[in-house]
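The data block below is start.cif; it holds mmCIF, C-alpha atoms.
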data_protein
#
loop_
_atom_site.label_atom_id
_atom_site.label_comp_id
_atom_site.auth_asym_id
_atom_site.auth_seq_id
_atom_site.Cartn_x
_atom_site.Cartn_y
_atom_site.Cartn_z
CA MET A 615 17.62 -20.37 -2.66
CA ASN A 616 19.07 -17.09 -1.43
CA ALA A 617 17.54 -13.63 -1.41
CA PRO A 618 19.20 -12.24 -4.59
CA THR A 619 18.05 -15.26 -6.62
CA LEU A 620 14.51 -14.84 -5.29
CA TYR A 621 14.50 -11.17 -6.27
CA GLY A 622 15.99 -12.08 -9.64
CA LEU A 623 13.02 -14.36 -10.30
CA CYS A 624 10.70 -11.59 -9.09
CA ALA A 625 12.36 -9.23 -11.60
CA ALA A 626 11.81 -11.76 -14.40
CA ALA A 627 8.12 -12.01 -13.43
CA LEU A 628 7.80 -8.21 -13.34
CA VAL A 629 9.18 -7.92 -16.86
CA GLY A 630 6.77 -10.66 -18.02
CA ILE A 631 3.75 -9.03 -16.38
CA GLY A 632 4.74 -5.63 -17.77
CA LEU A 633 5.14 -6.98 -21.32
CA PHE A 634 1.73 -8.64 -21.09
CA GLY A 635 0.12 -5.38 -19.99
CA LEU A 636 1.92 -3.51 -22.75
CA ILE A 637 0.33 -5.75 -25.39
CA LEU A 638 -3.04 -6.13 -23.65
CA HIS A 639 -4.06 -2.54 -23.06
CA PRO A 640 -5.22 -0.42 -25.98
CA THR A 641 -5.07 2.92 -24.11
CA PRO A 642 -1.77 4.81 -24.17
CA LEU A 643 -1.68 5.66 -20.46
CA ARG A 644 -2.04 1.99 -19.47
CA LYS A 645 0.74 1.17 -21.93
CA VAL A 646 3.00 3.71 -20.26
CA ILE A 647 2.25 2.23 -16.83
CA SER A 648 2.96 -1.29 -18.16
CA PHE A 649 6.20 -0.12 -19.70
CA ASN A 650 7.20 1.30 -16.34
CA LEU A 651 6.62 -2.16 -14.86
CA VAL A 652 9.08 -3.61 -17.38
CA GLY A 653 11.47 -0.86 -16.31
CA CYS A 654 11.05 -1.74 -12.62
CA GLY A 655 11.87 -5.38 -13.41
CA THR A 656 14.96 -4.38 -15.39
CA PHE A 657 16.19 -2.16 -12.57
CA LEU A 658 15.70 -5.00 -10.10
CA PHE A 659 18.04 -7.14 -12.23
CA PHE A 660 20.72 -4.52 -11.66
CA GLY A 661 20.05 -4.74 -7.92
CA VAL A 662 20.51 -8.51 -8.03
CA ALA A 663 23.69 -8.12 -10.07
CA ALA A 664 24.97 -5.57 -7.55
CA ARG A 665 24.24 -7.83 -4.57
CA ARG A 666 25.82 -10.85 -6.23
CA GLY A 667 28.87 -8.79 -7.11
CA ALA A 668 29.37 -7.81 -3.45
CA GLY A 669 33.03 -7.66 -2.53
CA ALA A 670 35.94 -5.51 -1.43
CA GLY A 671 34.10 -4.58 1.75
CA PHE A 672 30.96 -3.34 -0.03
CA ALA A 673 27.61 -5.07 0.49
CA GLY A 674 26.88 -4.54 -3.20
CA ASP A 675 28.79 -3.67 -6.35
CA PRO A 676 28.41 0.14 -6.51
CA VAL A 677 28.59 0.33 -10.31
CA PRO A 678 25.23 -1.32 -11.12
CA GLN A 679 23.67 0.57 -8.21
CA ALA A 680 24.80 3.89 -9.66
CA LEU A 681 23.60 2.85 -13.13
CA VAL A 682 20.14 2.12 -11.71
CA ILE A 683 19.92 5.54 -10.09
CA THR A 684 20.63 7.09 -13.48
CA GLY A 685 18.16 4.66 -15.04
CA ILE A 686 15.32 5.51 -12.66
CA VAL A 687 15.81 9.22 -13.35
CA VAL A 688 15.81 8.76 -17.12
CA ALA A 689 12.73 6.50 -16.89
CA PHE A 690 10.93 9.23 -14.96
CA ALA A 691 11.87 11.86 -17.55
CA ALA A 692 10.67 9.60 -20.36
CA THR A 693 7.39 8.93 -18.52
CA ALA A 694 6.80 12.65 -18.04
CA VAL A 695 7.32 13.28 -21.77
CA ALA A 696 5.08 10.32 -22.68
CA VAL A 697 2.28 11.55 -20.42
CA ALA A 698 2.54 15.07 -21.84
CA LEU A 699 2.31 13.57 -25.35
CA ILE A 700 -0.76 11.53 -24.39
CA LEU A 701 -2.52 14.56 -22.97
CA ARG A 702 -1.69 16.56 -26.11
CA MET A 703 -2.93 13.70 -28.28
CA LEU A 704 -6.16 13.80 -26.35
CA GLU A 705 -6.58 17.50 -27.03
CA ALA A 706 -6.09 16.70 -30.71
CA GLY A 707 -8.94 14.20 -30.42
CA VAL A 708 -7.15 10.86 -30.39
CA ALA A 709 -8.28 8.99 -27.27
CA THR A 710 -6.97 5.46 -27.80
CA MET A 711 -4.42 3.73 -29.96
CA ASP A 712 -7.18 2.38 -32.21
CA SER A 713 -9.50 5.37 -32.36
CA ARG A 714 -8.50 6.49 -35.83
CA PRO A 715 -11.38 7.15 -38.19
CA GLU A 716 -13.28 3.87 -38.43
CA PRO A 717 -13.15 2.03 -41.77
CA PRO A 718 -16.61 1.30 -43.25
CA ASP A 719 -16.44 -2.41 -42.38
CA ASP A 720 -14.91 -3.60 -39.15
CA LEU A 721 -12.03 -5.64 -40.50
CA SER A 722 -10.22 -5.99 -37.18
CA PRO A 723 -10.31 -9.48 -35.65
CA MET B 277 13.54 -16.39 8.79
CA SER B 278 15.08 -13.54 6.83
CA LEU B 279 14.22 -15.31 3.58
CA LEU B 280 10.59 -15.33 4.75
CA VAL B 281 10.61 -11.51 4.73
CA ASP B 282 11.94 -11.56 1.18
CA LEU B 283 9.31 -14.08 0.16
CA VAL B 284 6.47 -11.98 1.59
CA LEU B 285 7.86 -8.90 -0.20
CA VAL B 286 8.05 -10.76 -3.51
CA VAL B 287 4.46 -12.03 -3.16
CA LEU B 288 3.23 -8.51 -2.36
CA ILE B 289 5.14 -7.06 -5.33
CA LEU B 290 3.76 -9.62 -7.75
CA MET B 291 0.24 -8.99 -6.44
CA ALA B 292 0.69 -5.23 -6.94
CA ALA B 293 2.08 -5.82 -10.44
CA VAL B 294 -0.79 -8.10 -11.48
CA TRP B 295 -3.26 -5.62 -9.98
CA THR B 296 -1.62 -2.80 -11.94
CA ILE B 297 -2.21 -4.67 -15.19
CA LEU B 298 -5.58 -6.28 -14.60
CA VAL B 299 -7.58 -3.71 -12.66
CA ARG B 300 -10.23 -2.07 -14.78
CA ASP B 301 -10.01 1.52 -13.56
CA ARG B 302 -6.91 3.40 -14.66
CA ARG B 303 -6.70 5.37 -11.44
CA ASP B 304 -6.57 2.13 -9.43
CA ALA B 305 -3.80 0.94 -11.75
CA VAL B 306 -1.75 4.05 -10.98
CA ILE B 307 -2.28 3.60 -7.24
CA ALA B 308 -1.20 -0.05 -7.49
CA PHE B 309 1.89 1.15 -9.37
CA ILE B 310 2.74 3.61 -6.60
CA VAL B 311 2.35 0.82 -4.02
CA LEU B 312 4.66 -1.29 -6.17
CA GLY B 313 7.25 1.51 -6.19
CA LEU B 314 7.22 1.73 -2.41
CA LEU B 315 7.49 -2.05 -2.03
CA LEU B 316 10.41 -2.02 -4.46
CA SER B 317 12.21 0.56 -2.38
CA LEU B 318 11.97 -1.92 0.53
CA VAL B 319 13.51 -4.54 -1.76
CA TRP B 320 16.39 -2.17 -2.51
CA MET B 321 16.97 -1.95 1.23
CA ARG B 322 17.04 -5.74 1.42
CA LEU B 323 19.62 -5.72 -1.41
CA TYR B 324 21.78 -3.27 0.59
CA ALA B 325 21.35 -0.50 -1.97
CA VAL B 326 20.20 2.37 0.25
CA ASP B 327 20.96 5.04 -2.35
CA VAL B 328 18.73 3.28 -4.88
CA ALA B 329 16.01 2.74 -2.25
CA LEU B 330 15.87 6.49 -1.65
CA THR B 331 15.70 7.21 -5.37
CA GLU B 332 13.08 4.54 -6.03
CA ALA B 333 10.82 5.76 -3.22
CA ALA B 334 11.15 9.40 -4.29
CA VAL B 335 11.08 9.08 -8.06
CA GLY B 336 9.87 5.59 -9.00
CA GLY B 337 6.91 5.71 -6.65
CA GLY B 338 6.48 9.39 -5.81
CA ALA B 339 7.20 11.60 -8.80
CA THR B 340 6.17 9.08 -11.48
CA GLY B 341 3.00 8.32 -9.52
CA LEU B 342 2.20 12.02 -9.29
CA VAL B 343 2.64 12.53 -13.05
CA LEU B 344 0.39 9.53 -13.78
CA LEU B 345 -2.27 10.57 -11.25
CA ARG B 346 -2.43 14.04 -12.76
CA ALA B 347 -2.81 12.50 -16.19
CA CYS B 348 -5.66 10.31 -14.85
CA ALA B 349 -7.48 13.31 -13.50
CA ARG B 350 -7.29 15.05 -16.87
CA LEU B 351 -8.11 11.93 -18.89
CA LEU B 352 -11.00 10.89 -16.67
CA PRO B 353 -13.90 12.52 -18.51
CA VAL B 354 -12.52 12.07 -22.00
CA GLU B 355 -10.48 8.98 -22.66
CA ALA B 356 -12.34 5.84 -23.53
CA GLU B 357 -11.18 2.71 -21.73
CA GLY B 358 -10.75 1.07 -25.13
CA ARG B 359 -11.51 -2.49 -26.10
CA LEU B 360 -9.21 -5.30 -24.99
CA PRO B 361 -7.95 -7.58 -27.77
CA GLY B 362 -9.70 -10.90 -28.37
CA PRO B 363 -8.95 -14.07 -26.37
CA GLY B 364 -6.62 -15.44 -29.05
CA THR B 365 -4.37 -12.37 -28.92
CA GLN B 366 -4.54 -12.37 -25.12
CA ILE B 367 -3.39 -15.99 -24.87
CA ALA B 368 -0.61 -15.44 -27.43
CA ALA B 369 0.54 -12.30 -25.58
CA GLY B 370 0.45 -14.20 -22.27
CA LEU B 371 2.50 -17.07 -23.67
CA LEU B 372 5.11 -14.80 -25.25
CA SER B 373 5.41 -12.70 -22.09
CA ALA B 374 5.77 -15.87 -20.00
CA LEU B 375 8.45 -17.07 -22.41
CA ALA B 376 10.37 -13.79 -22.02
CA ALA B 377 10.07 -14.05 -18.23
CA ALA B 378 11.20 -17.70 -18.28
CA GLY B 379 14.25 -16.78 -20.37
CA LEU B 380 15.21 -14.07 -17.89
CA ALA B 381 14.59 -16.46 -14.97
CA ALA B 382 16.95 -18.98 -16.58
CA VAL B 383 19.65 -16.29 -16.74
CA VAL B 384 19.07 -15.54 -13.04
CA LEU B 385 19.29 -19.21 -12.06
CA HIS B 386 22.54 -19.81 -13.93
CA PRO B 387 24.84 -16.95 -12.99
CA PRO B 388 28.41 -16.93 -14.28
CA VAL B 389 31.09 -18.09 -11.82
CA PRO B 390 32.84 -16.06 -10.53
CA TYR B 391 30.22 -13.34 -10.72
CA PRO B 392 31.49 -10.26 -12.60
CA SER B 393 32.02 -7.37 -10.22
CA LEU B 394 33.66 -3.97 -10.32
CA ALA B 395 33.48 -3.60 -6.53
CA ALA B 396 37.20 -4.30 -6.09
CA LEU B 397 38.18 -1.68 -8.68
CA ALA B 398 35.78 0.84 -7.12
CA ALA B 399 37.28 0.22 -3.68
CA GLU B 400 40.85 0.41 -4.94
CA ASN B 401 40.50 3.89 -6.38
CA ILE B 402 38.07 5.50 -3.99
CA HIS B 403 40.85 7.26 -2.05
CA THR B 404 41.77 9.24 -5.17
CA VAL B 405 38.45 11.08 -5.08
CA GLY B 406 38.25 11.40 -1.30
CA LEU B 407 34.67 10.12 -1.05
CA GLY B 408 33.29 7.54 1.37
CA ASN B 409 30.17 6.55 -0.53
CA PRO B 410 31.15 4.30 -3.45
CA VAL B 411 27.88 4.98 -5.29
CA THR B 412 28.54 8.73 -5.26
CA ALA B 413 32.10 7.99 -6.41
CA VAL B 414 30.74 6.05 -9.40
CA LEU B 415 28.12 8.69 -10.18
CA LEU B 416 30.31 11.78 -9.93
CA ALA B 417 33.82 10.51 -10.59
CA TYR B 418 34.22 7.16 -12.37
CA ARG B 419 31.15 7.49 -14.56
CA SER B 420 30.59 11.21 -14.33
CA LEU B 421 29.97 11.37 -18.08
CA ASP B 422 26.82 9.21 -17.58
CA THR B 423 25.61 11.50 -14.84
CA LEU B 424 26.30 14.58 -16.97
CA LEU B 425 24.34 13.11 -19.86
CA GLU B 426 21.53 12.13 -17.49
CA LYS B 427 21.16 15.78 -16.49
CA VAL B 428 21.16 16.72 -20.16
CA VAL B 429 18.38 14.15 -20.69
CA LEU B 430 16.40 15.83 -17.91
CA VAL B 431 16.78 19.22 -19.61
CA LEU B 432 15.83 17.70 -22.98
CA ALA B 433 12.78 16.03 -21.41
CA LEU B 434 11.69 19.39 -20.04
CA ILE B 435 12.16 20.97 -23.49
CA GLY B 436 10.11 18.09 -24.92
CA VAL B 437 7.28 18.65 -22.45
CA TRP B 438 7.32 22.41 -23.01
CA ALA B 439 7.34 21.90 -26.76
CA LEU B 440 3.88 20.34 -26.42
CA THR B 441 2.45 23.63 -25.22
CA PRO B 442 -0.36 24.84 -27.50
CA ASP B 443 0.66 27.99 -29.40
CA ALA B 444 -1.81 30.22 -27.58
CA PHE B 445 -0.33 29.37 -24.18
CA TRP B 446 3.37 29.69 -25.06
CA GLY B 447 5.12 31.58 -22.28
CA GLY B 448 2.23 31.05 -19.89
CA ALA B 449 2.14 28.95 -16.74
CA PRO B 450 1.37 25.24 -16.41
CA GLY B 451 -2.11 24.43 -15.11
CA SER B 452 -2.58 24.92 -11.40
CA LEU B 453 -1.71 21.90 -9.29
CA ARG B 454 -4.12 23.06 -6.60
CA ALA B 455 -6.23 20.30 -5.09
CA ARG B 456 -9.85 20.60 -6.14
CA HIS B 457 -11.11 20.55 -2.57
CA ALA B 458 -9.37 22.76 -0.04
CA SER B 459 -7.85 20.62 2.69
CA GLY B 460 -6.72 22.03 6.01
CA ALA B 461 -4.23 19.19 6.50
CA LEU B 462 -2.57 19.79 3.13
CA ASP B 463 -2.41 23.52 3.77
CA LEU B 464 -0.83 23.01 7.19
CA LEU B 465 1.63 20.48 5.80
CA ALA B 466 2.64 22.84 2.97
CA ARG B 467 3.39 25.56 5.52
CA VAL B 468 5.16 23.45 8.15
CA LEU B 469 7.05 20.84 6.14
CA PRO B 470 9.14 22.83 3.58
CA PRO B 471 11.74 24.22 6.03
CA PHE B 472 12.42 20.69 7.26
CA GLY B 473 12.38 19.38 3.72
CA VAL B 474 15.00 21.92 2.66
CA LEU B 475 17.12 20.89 5.64
CA VAL B 476 16.78 17.19 4.81
CA SER B 477 17.68 17.92 1.20
CA ILE B 478 20.85 19.81 2.17
CA TYR B 479 21.72 17.00 4.57
CA LEU B 480 21.25 14.36 1.86
CA VAL B 481 23.53 16.20 -0.57
CA TRP B 482 26.21 17.08 1.96
CA ASN B 483 26.13 13.66 3.55
CA GLY B 484 25.91 11.87 0.21
CA ALA B 485 29.66 12.19 -0.28
CA ASP B 486 30.33 9.68 2.47
CA HIS B 487 27.01 8.03 3.31
CA PRO B 488 23.88 7.00 1.42
CA GLY B 489 22.16 9.98 -0.17
CA GLY B 490 23.27 12.34 -2.87
CA THR B 491 22.37 14.95 -5.42
CA PHE B 492 19.43 13.26 -6.93
CA GLN B 493 17.78 12.24 -3.68
CA GLY B 494 18.29 15.72 -2.25
CA GLY B 495 16.95 17.35 -5.40
CA THR B 496 13.85 15.17 -5.33
CA VAL B 497 13.09 16.09 -1.73
CA LEU B 498 13.46 19.75 -2.65
CA ALA B 499 11.17 19.28 -5.66
CA ALA B 500 8.63 17.48 -3.44
CA MET B 501 8.52 20.49 -1.11
CA TRP B 502 7.92 22.84 -4.04
CA LEU B 503 5.19 20.55 -5.39
CA LEU B 504 3.58 20.39 -1.95
CA VAL B 505 3.40 24.19 -1.83
CA MET B 506 1.91 24.26 -5.36
CA MET B 507 -0.63 21.53 -4.57
CA ALA B 508 -1.79 23.30 -1.43
CA GLY B 509 -2.38 26.33 -3.64
CA LEU B 510 0.01 28.60 -1.73
CA ARG B 511 1.89 29.26 -4.98
CA ASP B 512 0.96 28.51 -8.56
CA PRO B 513 3.48 27.15 -11.08
CA PRO B 514 5.56 29.96 -12.64
CA GLY B 515 5.30 30.98 -16.28
CA ILE B 516 7.63 28.92 -18.45
CA SER B 517 9.17 31.98 -20.09
CA LEU B 518 10.46 33.29 -16.76
CA LYS B 519 14.19 34.07 -17.19
CA LEU B 520 15.18 33.07 -13.66
CA LEU B 521 13.44 29.72 -14.04
CA ARG B 522 15.25 28.93 -17.27
CA ARG B 523 18.58 29.96 -15.78
CA LEU B 524 17.99 27.64 -12.83
CA VAL B 525 17.17 24.78 -15.21
CA VAL B 526 20.48 25.05 -17.08
CA PHE B 527 22.62 26.22 -14.15
CA GLY B 528 23.54 22.76 -12.79
CA PRO B 529 24.30 21.08 -16.13
CA ALA B 530 26.22 24.20 -17.26
CA VAL B 531 28.40 24.13 -14.12
CA PHE B 532 28.98 20.41 -14.64
CA ILE B 533 30.05 20.94 -18.27
CA ALA B 534 32.27 23.88 -17.26
CA VAL B 535 33.95 21.69 -14.63
CA GLY B 536 34.35 19.03 -17.30
CA PHE B 537 36.23 21.41 -19.60
CA ALA B 538 38.21 22.80 -16.69
CA GLY B 539 39.33 19.21 -16.16
CA ILE B 540 41.12 19.28 -19.53
CA TRP B 541 43.08 22.32 -18.42
CA MET B 542 43.73 21.13 -14.83
CA SER B 543 44.54 17.47 -15.28
CA GLY B 544 44.44 16.58 -18.92
CA TRP B 545 41.03 14.99 -19.56
CA PHE B 546 37.42 16.06 -19.89
CA LEU B 547 35.68 15.63 -16.51
CA SER B 548 38.83 14.62 -14.67
CA TYR B 549 39.48 16.19 -11.29
CA PRO B 550 42.87 17.19 -9.88
CA PRO B 551 43.50 14.63 -7.09
CA ASP B 552 43.84 17.08 -4.20
CA TYR B 553 40.70 19.03 -5.02
CA ALA B 554 38.44 16.20 -6.17
CA LYS B 555 36.11 16.22 -3.19
CA PRO B 556 35.45 19.99 -2.99
CA ILE B 557 34.85 20.09 -6.76
CA ILE B 558 32.43 17.16 -6.57
CA VAL B 559 30.51 18.69 -3.67
CA ALA B 560 30.30 22.02 -5.53
CA VAL B 561 28.98 20.29 -8.67
CA GLU B 562 26.42 18.44 -6.55
CA ALA B 563 25.26 21.65 -4.89
CA ALA B 564 24.75 23.27 -8.30
CA LEU B 565 22.99 20.23 -9.69
CA VAL B 566 20.59 19.86 -6.79
CA LEU B 567 18.90 23.19 -7.54
CA SER B 568 18.50 22.41 -11.22
CA ILE B 569 17.19 18.90 -10.51
CA ALA B 570 14.59 20.23 -8.08
CA VAL B 571 13.37 22.85 -10.57
CA ILE B 572 13.33 20.41 -13.51
CA LEU B 573 11.46 17.70 -11.58
CA GLY B 574 8.87 20.16 -10.35
CA LEU B 575 8.34 21.52 -13.87
CA LEU B 576 8.16 18.03 -15.41
CA VAL B 577 5.36 17.16 -12.99
CA ALA B 578 3.61 20.48 -13.66
CA GLY B 579 3.63 19.79 -17.41
CA PRO B 580 3.32 22.12 -20.41
CA ALA B 581 1.82 25.58 -20.13
CA ALA B 582 -1.95 25.55 -19.91
CA GLU B 583 -2.73 29.22 -19.42
CA PRO B 584 -2.17 32.20 -21.68
CA PRO B 585 0.80 34.36 -20.63
CA LYS B 586 -0.05 37.26 -18.33
CA ARG B 587 0.69 40.77 -19.54
#
Represent the supplied structure as structure tokens.
Amino acid sequence: MNAPTLYGLCAAALVGIGLFGLILHPTPLRKVISFNLVGCGTFLFFGVAARRGAGAGFAGDPVPQALVITGIVVAFAATAVAVALILRMLEAGVATMDSRPEPPDDLSP
Amino acid sequence: MSLLVDLVLVVLILMAAVWTILVRDRRDAVIAFIVLGLLLSLVWMRLYAVDVALTEAAVGGGATGLVLLRACARLLPVEAEGRLPGPGTQIAAGLLSALAAAGLAAVVLHPPVPYPSLAALAAENIHTVGLGNPVTAVLLAYRSLDTLLEKVVLVLALIGVWALTPDAFWGGAPGSLRARHASGALDLLARVLPPFGVLVSIYLVWNGADHPGGTFQGGTVLAAMWLLVMMAGLRDPPGISLKLLRRLVVFGPAVFIAVGFAGIWMSGWFLSYPPDYAKPIIVAVEAALVLSIAVILGLLVAGPAAEPPKR
């Protein structure tokens, strides 16, 4: 096994762990963090693709590398908006994803 | 031997990732996520992507971590931890996530032969833009439309964050970033570091044309210096209705768009550069962008206005 393959598997695991966290956690901030994990895994795939596509005197294909830089920036912008939304939600009195007014009987499993 | 380093890195990353998900306290989760970002920037070095390593360390770990930590501090007294779903849902979620990961792993283990690569094309045409760093060439020449739209996304994100300002505070300043406890070390750092930070940022942008570095990395360093000054309490965030601030935010993207339209007139297409002047134009666009990026990043971290406007 070579290094890019190893990191590729690591990226797959990161996406898996992130997805699990996304489903598991009921609080919005933890969901945002989990979603960022999925993002990290996805970006790492681009790194693996870049390294495998090395050629023409470059140690990595520059196109996926450039795409990832753009991706990281957009992910940060999205996270900042999400966090601002969460804080605003909190001011409006919604603390978790399931803290809507409780129905009379607890029907949730 | 070298694979051993990679293996250790992967184990550390997976531990940080699992810790991020499973730890009970949300602040610990954010700290684990920051650690993960820094470890990932080492991985980018191992994958020979120095430009990405710089970005990941600065933005993936640093700026994102800062935004999340600030959110933690504000959520701390209020937000309930919430109830985790029952064991059945947990097992189902685990299985489905594992399935998704396994599918991706299968793709990794069976790459197409020969592996698709645009490296040759990038190398073939790099002389036409006069740059030495292929990543900068992709960002500001081959795929400059992506980069332009990315800057527009940054501006839109800032508008989105500002739009969440409560009516009473519109035009006011974001909440102070000042650390709750005065710290001599932070104060000293905020006074000593910024001149060097500005220098490093200029170096990264100037040097980014031919070596690793570039607009975004430079802009982030500049933003970090501004944030450091704000966190030490030497300056508070400016009011969001400040004209100069808003001009700085749109300055970079506006210059980029203007250059794009000038391209139609000079060489026939939107965002195309005349061959002899490609490099000076690119460096000028980068210089304009770096200011806007620094201001936007700083304001995104600072968040919506939280104080009534002064007057």
* Leu425 in chain B: which residues within 10 Å, counting all atoms listed in the file, same-chain residues fewer than 4 positions away excluded, as a VMD selection string? -> (chain A and resid 684 688) or (chain B and resid 420 to 421 429 to 431 529 533)
* Determine the residue membership of the PyMOL selection byres ((chain A and resi 635) around 10) for the file above and supply it as a ChimeraX atom specification. => /A:629-634,636-640,644-649,651-652 /B:293-294,296-298,366,369-370,373
Could the residues in this selection be saved with C-alpha atoms as a short mmCIF file (atom, residue, chain, number, x, y, z; two decimals), in the coordinates of the input?
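The result, written out as out20.cif:
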data_model
loop_
_atom_site.label_atom_id
_atom_site.label_comp_id
_atom_site.auth_asym_id
_atom_site.auth_seq_id
_atom_site.Cartn_x
_atom_site.Cartn_y
_atom_site.Cartn_z
CA VAL A 629 9.18 -7.92 -16.86
CA GLY A 630 6.77 -10.66 -18.02
CA ILE A 631 3.75 -9.03 -16.38
CA GLY A 632 4.74 -5.63 -17.77
CA LEU A 633 5.14 -6.98 -21.32
CA PHE A 634 1.73 -8.64 -21.09
CA LEU A 636 1.92 -3.51 -22.75
CA ILE A 637 0.33 -5.75 -25.39
CA LEU A 638 -3.04 -6.13 -23.65
CA HIS A 639 -4.06 -2.54 -23.06
CA PRO A 640 -5.22 -0.42 -25.98
CA ARG A 644 -2.04 1.99 -19.47
CA LYS A 645 0.74 1.17 -21.93
CA VAL A 646 3.00 3.71 -20.26
CA ILE A 647 2.25 2.23 -16.83
CA SER A 648 2.96 -1.29 -18.16
CA PHE A 649 6.20 -0.12 -19.70
CA LEU A 651 6.62 -2.16 -14.86
CA VAL A 652 9.08 -3.61 -17.38
CA ALA B 293 2.08 -5.82 -10.44
CA VAL B 294 -0.79 -8.10 -11.48
CA THR B 296 -1.62 -2.80 -11.94
CA ILE B 297 -2.21 -4.67 -15.19
CA LEU B 298 -5.58 -6.28 -14.60
CA GLN B 366 -4.54 -12.37 -25.12
CA ALA B 369 0.54 -12.30 -25.58
CA GLY B 370 0.45 -14.20 -22.27
CA SER B 373 5.41 -12.70 -22.09
#
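CA of Gly536 in chain B is positioned 28.3 Å from CA of Phe657 in chain A.
Relative to CA of Thr412 in chain B, CA of Asn483 in chain B is found at 10.4 Å.
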* Hits from the PyMOL selection byres ((chain B and resi 482) around 12), listed as a PyMOL selection string -> chain B and resi 407-409+412+475-481+483-495+555-556+558-563+566
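One finds CA of Ala691 in chain A at 18.4 Å from CA of Met703 in chain A.
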* Asked: Quick one: residues within 10 Å of range 518-520 of chain B, only C-alpha atoms counted, chain neighbours fewer than 5 positions away excluded, as a VMD selection string?
  -> chain B and resid 447 to 449 525
Filtering to C-alpha atoms, could you give me those residues as a short mmCIF file (atom, residue, chain, number, x, y, z; two decimals), in the coordinates of the input?
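Once everything was written out, this is result-v9.cif:
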data_model
loop_
_atom_site.label_atom_id
_atom_site.label_comp_id
_atom_site.auth_asym_id
_atom_site.auth_seq_id
_atom_site.Cartn_x
_atom_site.Cartn_y
_atom_site.Cartn_z
CA GLY B 447 5.12 31.58 -22.28
CA GLY B 448 2.23 31.05 -19.89
CA ALA B 449 2.14 28.95 -16.74
CA VAL B 525 17.17 24.78 -15.21
#
* **Residues within 8 Å of (-3.0, 27.6, -20.2), file coords, only C-alpha atoms, listed as a ChimeraX atom specification** => /B:444-445,448-451,581-585
* I would like the residues chosen by the PyMOL selection byres ((chain B and resi 348) around 12) on the shown file; could you give them as a VMD selection string? => (chain A and resid 641 to 644 647 697 to 698 700 to 701) or (chain B and resid 301 to 307 341 to 347 349 to 357)
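Using all atoms listed in the file, the shortest contact distance between chain B and any of A:Gly685, A:Gly667, A:Pro678, A:Gly653 is found at A:Gly667.
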Please report, as lines of an AutoDock Vina configuration file, the centre and edge lengths in Å to one decimal of an axis-aligned box covering all listed atoms of range 684-690 of chain A with 6 Å per side.
center_x = 15.8
center_y = 6.9
center_z = -14.9
size_x = 21.7
size_y = 16.6
size_z = 16.5
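Here the selection is built from only C-alpha atoms, and the residues within 9 Å of (-4.7, 20.9, -26.6) turn out to be Leu701, Arg702, Met703, Leu704, Glu705, Ala706 and Gly707 of chain A; Leu440, Thr441, Pro442 and Ala582 of chain B.
The smallest atom-to-atom distance between Ala696 in chain A and any of B:Val437, B:Leu312, B:Leu464, B:Ala508, using only C-alpha atoms, is found for B:Val437.
Closest approach to chain A among B:Gly473, B:Gly509, B:Gly579, B:Gly338 is made by B:Gly579 (distances from all atoms listed in the file).
Take the candidates B:Met542, B:Ala292, B:Val505, B:Val571 and check each one against chain A using only C-alpha atoms; the shortest distance goes to B:Ala292.
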